[in-house]
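Heads up: the structure comes next, in structure tokens.
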Amino acid sequence: MNSFEEKQNLLKDKVRELFQAPGVIKTGIKGLEAALRTAPTSNQHCFYKPMAILVLQGKKQTLIGSEKFTYHENQLVVTSIDIPTVGSIVEASPEKPFMTLIFDLDNYVISQLLSEGNYPQNETARRGMGIANADEALLDAFYRLVQLVNQPERQKIMAPMIIKEIHYLLLTSPLGDILRTINIKGSQNNQIANAIAWMKENYRHPLKIDELAQKFNMAASSFYRHFSKVTTLSPLQYQKKLRLHEAQRLMLSENFDAAKAAYDVGYESASQFNREYKRMFGAPPKTNINKIKSF
């Protein structure tokens, strides 16, 4: 067995020890979660935030717009923006569960690293998600980080250093340009990221592309093109997904009925909301919410 396989197996064993039952757990280290599933899942809608996912075992498929991503053992998934996805675990069993580490990206740490070193410059608009094979250095850094889960005193000192190291390894990986272009002020991806942050705060209001483009110093045609390149969606499609996800959250967490949720997120027509909700989630609002609550 070579050193890569040894590190891979050590990391899998260490993560497996964290679980008493399948699910998603917070490790106690800021920004680090772990997930374990023992069976395939149906499609689930969610927003990926800026993060790195290290797949330790199993396989998952994710759709962003109409583009399909498949990732499996020893692969790394990086997302640089909040991006709506539809995903399903396709390989998982009790004997060989689907297992991942989920690492939140810190824009402050990335900006700090970018100011401290020289990195390849590429300002071309890039998709906000990418997949590459993980290398031994990254496996080793994650292993050292997971080792600190039950060592609170060492964790206070060591975890921030390892977290910074992981950010550096990601910036210098084959997926590094996805992160660099988002965090280089004034770049196309950076402008789109700023627009997305604004849309997340203002999704209830009607969206006017010309005004939004002007707000971020871009021509409307250029803004539309780059937004679609980064997210695979038009700005209006992106806003619709923001609204529908928030409406679902309100019905689940705040016990809103469908009409109240629809108007709260910016819909003027409850019937239009019901149609678009069913198209996205596969069932009318009440049916969908009751199904989720019954799990």
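Labels for the structure tokens follow display order: chains A, B, ..., residues from 1 in each chain, ligands from 1.
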Q: Please provide the set of residues having any atom within 7 Å of region 234-244 of chain A, restricted to only C-alpha atoms, with same-chain residues fewer than 6 positions apart removed, written as a VMD selection string.
A: chain A and resid 203 224 227 to 228 265 277
Q. What's the 12 Å shell around Ile29 (chain A), counting only C-alpha atoms, without same-chain residues fewer than 2 positions away, as a ChimeraX atom specification?
A. /A:25-27,31-34,101-104,142,145-160,162-163
Please save C-alpha atoms of the selected residues as an mmCIF file, in the first residue's frame.
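What follows is the written file part-v8.cif:
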```cif
data_model
loop_
_atom_site.group_PDB
_atom_site.id
_atom_site.type_symbol
_atom_site.label_atom_id
_atom_site.label_comp_id
_atom_site.auth_asym_id
_atom_site.auth_seq_id
_atom_site.Cartn_x
_atom_site.Cartn_y
_atom_site.Cartn_z
ATOM 1 C CA ILE A 25 -22.721 16.390 11.850
ATOM 2 C CA LYS A 26 -20.859 19.484 12.968
ATOM 3 C CA THR A 27 -17.400 18.420 14.067
ATOM 4 C CA GLY A 31 -16.507 25.463 9.242
ATOM 5 C CA LEU A 32 -15.999 21.685 9.166
ATOM 6 C CA GLU A 33 -18.859 19.202 8.878
ATOM 7 C CA ALA A 34 -18.991 15.533 7.961
ATOM 8 C CA LEU A 101 -16.011 16.184 4.651
ATOM 9 C CA ILE A 102 -17.566 19.620 4.049
ATOM 10 C CA PHE A 103 -15.231 22.579 4.490
ATOM 11 C CA ASP A 104 -16.576 26.146 4.482
ATOM 12 C CA PHE A 142 -7.697 17.131 6.381
ATOM 13 C CA LEU A 145 -7.600 18.698 11.085
ATOM 14 C CA VAL A 146 -9.992 15.824 11.880
ATOM 15 C CA GLN A 147 -7.524 14.538 14.477
ATOM 16 C CA LEU A 148 -8.178 17.726 16.445
ATOM 17 C CA VAL A 149 -11.923 17.103 16.808
ATOM 18 C CA ASN A 150 -11.579 15.591 20.281
ATOM 19 C CA GLN A 151 -8.570 17.639 21.329
ATOM 20 C CA PRO A 152 -10.025 21.047 22.269
ATOM 21 C CA GLU A 153 -6.829 22.533 23.696
ATOM 22 C CA ARG A 154 -4.706 21.654 20.666
ATOM 23 C CA GLN A 155 -7.617 22.595 18.396
ATOM 24 C CA LYS A 156 -7.596 26.238 19.542
ATOM 25 C CA ILE A 157 -3.996 26.666 18.404
ATOM 26 C CA MET A 158 -3.593 24.187 15.573
ATOM 27 C CA ALA A 159 -6.942 24.321 13.738
ATOM 28 C CA PRO A 160 -6.594 27.903 12.420
ATOM 29 C CA ILE A 162 -4.386 23.901 9.259
ATOM 30 C CA ILE A 163 -7.498 25.705 7.978
#
```
Q. As a ChimeraX atom specification, which residues of region 86-270 of chain A does DSSP assign to strand (DSSP E or B)?
A. /A:86-91,98-104,129-133
Please write the residues from the selection above to a file, keeping N, CA and C atoms, as a PDB file, in the first residue's frame.
```
ATOM      1  N   VAL A  86     -29.354  20.395  -7.701  1.00  0.00           N
ATOM      2  CA  VAL A  86     -30.228  19.245  -7.470  1.00  0.00           C
ATOM      3  C   VAL A  86     -29.308  18.033  -7.428  1.00  0.00           C
ATOM      4  N   GLY A  87     -29.265  17.348  -6.286  1.00  0.00           N
ATOM      5  CA  GLY A  87     -28.291  16.272  -6.151  1.00  0.00           C
ATOM      6  C   GLY A  87     -28.874  14.995  -5.584  1.00  0.00           C
ATOM      7  N   SER A  88     -28.243  13.878  -5.926  1.00  0.00           N
ATOM      8  CA  SER A  88     -28.642  12.583  -5.376  1.00  0.00           C
ATOM      9  C   SER A  88     -27.404  11.715  -5.168  1.00  0.00           C
ATOM     10  N   ILE A  89     -27.377  11.003  -4.061  1.00  0.00           N
ATOM     11  CA  ILE A  89     -26.324  10.016  -3.803  1.00  0.00           C
ATOM     12  C   ILE A  89     -26.669   8.762  -4.587  1.00  0.00           C
ATOM     13  N   VAL A  90     -25.741   8.285  -5.402  1.00  0.00           N
ATOM     14  CA  VAL A  90     -26.038   7.145  -6.282  1.00  0.00           C
ATOM     15  C   VAL A  90     -25.310   5.875  -5.861  1.00  0.00           C
ATOM     16  N   GLU A  91     -24.290   6.001  -5.010  1.00  0.00           N
ATOM     17  CA  GLU A  91     -23.602   4.810  -4.500  1.00  0.00           C
ATOM     18  C   GLU A  91     -23.383   4.959  -3.006  1.00  0.00           C
ATOM     19  N   PHE A  98     -21.643   6.338   1.728  1.00  0.00           N
ATOM     20  CA  PHE A  98     -21.197   7.588   1.117  1.00  0.00           C
ATOM     21  C   PHE A  98     -20.715   8.485   2.252  1.00  0.00           C
ATOM     22  N   MET A  99     -19.500   9.005   2.122  1.00  0.00           N
ATOM     23  CA  MET A  99     -18.897   9.733   3.223  1.00  0.00           C
ATOM     24  C   MET A  99     -18.114  10.929   2.692  1.00  0.00           C
ATOM     25  N   THR A 100     -18.359  12.114   3.279  1.00  0.00           N
ATOM     26  CA  THR A 100     -17.673  13.327   2.829  1.00  0.00           C
ATOM     27  C   THR A 100     -17.283  14.195   4.015  1.00  0.00           C
ATOM     28  N   LEU A 101     -16.301  15.055   3.774  1.00  0.00           N
ATOM     29  CA  LEU A 101     -16.011  16.184   4.651  1.00  0.00           C
ATOM     30  C   LEU A 101     -16.425  17.454   3.921  1.00  0.00           C
ATOM     31  N   ILE A 102     -17.053  18.374   4.633  1.00  0.00           N
ATOM     32  CA  ILE A 102     -17.566  19.620   4.049  1.00  0.00           C
ATOM     33  C   ILE A 102     -16.856  20.777   4.744  1.00  0.00           C
ATOM     34  N   PHE A 103     -16.124  21.556   3.961  1.00  0.00           N
ATOM     35  CA  PHE A 103     -15.231  22.579   4.490  1.00  0.00           C
ATOM     36  C   PHE A 103     -15.661  23.942   3.975  1.00  0.00           C
ATOM     37  N   ASP A 104     -16.143  24.803   4.882  1.00  0.00           N
ATOM     38  CA  ASP A 104     -16.576  26.146   4.482  1.00  0.00           C
ATOM     39  C   ASP A 104     -15.377  26.985   4.075  1.00  0.00           C
ATOM     40  N   MET A 129     -18.478  26.163  -9.917  1.00  0.00           N
ATOM     41  CA  MET A 129     -18.268  24.859  -9.297  1.00  0.00           C
ATOM     42  C   MET A 129     -17.342  24.041 -10.181  1.00  0.00           C
ATOM     43  N   GLY A 130     -16.459  23.276  -9.563  1.00  0.00           N
ATOM     44  CA  GLY A 130     -15.559  22.422 -10.322  1.00  0.00           C
ATOM     45  C   GLY A 130     -15.195  21.181  -9.525  1.00  0.00           C
ATOM     46  N   ILE A 131     -14.650  20.182 -10.225  1.00  0.00           N
ATOM     47  CA  ILE A 131     -14.273  18.901  -9.617  1.00  0.00           C
ATOM     48  C   ILE A 131     -12.865  18.542 -10.057  1.00  0.00           C
ATOM     49  N   ALA A 132     -12.066  18.039  -9.116  1.00  0.00           N
ATOM     50  CA  ALA A 132     -10.721  17.561  -9.435  1.00  0.00           C
ATOM     51  C   ALA A 132     -10.366  16.438  -8.468  1.00  0.00           C
ATOM     52  N   ASN A 133      -9.327  15.692  -8.795  1.00  0.00           N
ATOM     53  CA  ASN A 133      -8.851  14.656  -7.886  1.00  0.00           C
ATOM     54  C   ASN A 133      -8.114  15.295  -6.714  1.00  0.00           C
TER      55      ASN A 133
END
```
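With only C-alpha atoms as the basis for measurement, A:Asn183 is the residue among A:Gln20, A:Thr172, A:Asn183, A:Ser80 that approaches Tyr108 (chain A) most closely.
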Q: Please report, as a PyMOL selection string, each residue of region 14-228 of chain A to which DSSP assigns alpha helix (DSSP H) when run on this structure's backbone.
A: chain A and resi 14-16+107-116+136-147+152-171+176-183+188-202+209-215+220-228
Q.
Which residues are close to Ala258 (chain A), i.e. within 9 Å by only C-alpha atoms, leaving aside same-chain residues fewer than 4 positions away? Reply as a list in words.
A.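 Neighbouring residues, sequence-local ones excluded: Ala247, Gln248, Met251, Ala262, Tyr263, Ala270, Phe273, Asn274, Pro285 and Lys286 of chain A.
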Q: For Ser115 (chain A), work out the shell of residues within 12 Å, counting only C-alpha atoms and skipping chain neighbours fewer than 6 positions away, then give it as a list in words.
A: Tyr108, Val109, Tyr168, Arg180, Asn183, Ile184 and Lys185 of chain A
Q: Write out as a ChimeraX atom specification which residues come within 10 Å of Asn107 (chain A) when counting only C-alpha atoms, dropping same-chain ones fewer than 4 positions away.
A: /A:50,80,111-113,167,179,182-183
Q: Have a look at A:Asn194, A:Ser221, A:Gln8, A:Asn118 and name the one nearest to Leu56 (chain A); count only C-alpha atoms.
A: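 So, comparing all the options, the nearest one is A:Gln8.
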